[in-house]
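> For reference, the structure I am asking about is given below.
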Amino acid sequence: MLAIVAPLATEIAGARRAIGGARASAVTSRVTGVGRQSAEDGVAAVAELSPDAIVMIGFSGGADPDLRTGDLHVAEVFHSADGMEPITAAPGLTNSVKAWARGKQTRLVCGPSVTVKTIADSKSKSTLHAATGAMSVNMEDYWAASAASTYGIPFASVRAVLDTAQDELPEYLIDAGDGIFGVLRGLAIHPGSAPDLIRLAWKARVARRRLADCVSGLLEAPPVLTAGTVPLIP
């Protein structure tokens with residue numbers, strides 16, 4: 001069984017049809033929530049189902065200045081902004097995602113990612129890129145990968161770039177989660193951010209569509225754990 005997890009419901013929403021069309025015993029999905037504790041708790045809950053592998057999908061902030069909204073990033077190494085020991089993704093899973101994306105001519109980059117505690121501004125993204133070589137930033141992957149390792153479950157991540165290296169996101173989004181009311185509350189306090197939110201909504205649609213395409217591709221051509229193994233989904 002393959003487990004597909006995402007921090008927010010909006011990130012996995014576009015992929016629900018593909019997941020729902022797969023055999024129930026072959027795929028499970030879960031929304032974990034944002035941040036370290038949520039990622040660790042979410043992986044622990046999924047681990048109870050004894051999946052063969054876990055793939056985290058979601059949005060990310062571009063750290064590489066050449067990345068555009070909607071580009072996919074398959075992380076090969078997970079860094080923590082806290083300077084923890086890097087974690088390597090499961091090669092079989094990452095290679096499966098790479099092969100699918102290249103076959104579909106989807107814009108994709110491979111390389112390190114870095115997990116941060118809060119929304120990263122353009123200066124932070126630039127600093128992290130220079131320090132670690134990270135292509136993108138997120139708030140869960142390192143901790144999810146660490147938890148999966150604890151349970152002995154292969155883990156990989158594919159993220160769609162939402163905000164580019166030059167973009168700035170309203171800080172109040174960190175507390176908004178999936179709820180529209182949190183966004184509206186932040187907008188009421190910071191009305192000047194309305195144009196940014198309109199642009200962000202468009203970017204989210206693009207990123208969500210890329211993730212949905214990616215999940216559909218993975219389920220059509222299932223990932224393998226290592227070279228030569230039997231696909232997870234027959």
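Here, A, B, ... name the chains of the structure tokens in the order displayed, residue numbers run from 1 inside each chain, and ligands are numbered from 1 in the same displayed order.
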Write out as a list in words the set of residues from segment 51-103 of chain A that DSSP, computed on the backbone, places in helix (DSSP H, G or I).
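Matching residues, listed in order: Pro91, Gly92, Leu93, Thr94, Asn95, Ser96, Val97, Lys98, Ala99, Trp100, Ala101, Arg102 and Gly103 of chain A.
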> If you count only C-alpha atoms, which residues fall within 12 Å of segment 144-152 of chain A, apart from same-chain ones fewer than 4 positions away, as a ChimeraX atom specification?
/A:3-7,32-57,75-80,84-90,113-115,138-140,156-157
> A:Leu218, A:Asp213, A:Thr69, A:Ala160: which is nearest Ser96 of chain A, counting only C-alpha atoms?
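Smallest separation from Ser96 of chain A among the options: A:Leu218.
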> Could you tell me which of A:Met1, A:Gln166, A:Asp82, A:Ile153 comes closest to Lys123 of chain A if we count only C-alpha atoms?
A:Gln166
> When distances are computed from only C-alpha atoms, which of A:Leu219, A:Val97, A:Cys214, A:Leu2 shows the smallest separation from Gly21 of chain A?
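Counting only C-alpha atoms, the residue closest to Gly21 of chain A is A:Leu219.
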> So what do you get for atom CA of Trp143 of chain A versus atom CA of Ala130 of chain A, distance-wise?
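Computed distance, atom CA of Trp143 of chain A to atom CA of Ala130 of chain A, equals 21.8 Å.
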> Rounded to one decimal in Å, what is the spacing between atom CA of Phe59 of chain A and atom CA of Arg30 of chain A?
15.4 Å
> Near Ser122 of chain A, within 8 Å and counting only C-alpha atoms, which residues show up once chain neighbours fewer than 5 positions away are dropped, as a list in words?
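Using only C-alpha atoms, the neighbours found are Ala165, Gln166, Asp167 and Glu168 of chain A.
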> Just write the chosen residues, N, CA and C atoms, as a short mmCIF file (atom, residue, chain, number, x, y, z; two decimals), in the first residue's frame.

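again-v6.cif, written as the output of this step:
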```
data_model
loop_
_atom_site.label_atom_id
_atom_site.label_comp_id
_atom_site.auth_asym_id
_atom_site.auth_seq_id
_atom_site.Cartn_x
_atom_site.Cartn_y
_atom_site.Cartn_z
N ALA A 165 11.32 32.46 -5.43
CA ALA A 165 12.35 32.99 -4.53
C ALA A 165 12.18 34.48 -4.29
N GLN A 166 11.59 35.18 -5.24
CA GLN A 166 11.42 36.63 -5.12
C GLN A 166 10.12 37.03 -4.43
N ASP A 167 9.19 36.08 -4.29
CA ASP A 167 7.87 36.39 -3.75
C ASP A 167 7.89 36.51 -2.23
N GLU A 168 6.96 37.31 -1.74
CA GLU A 168 6.73 37.41 -0.29
C GLU A 168 5.29 36.99 0.00
#
```
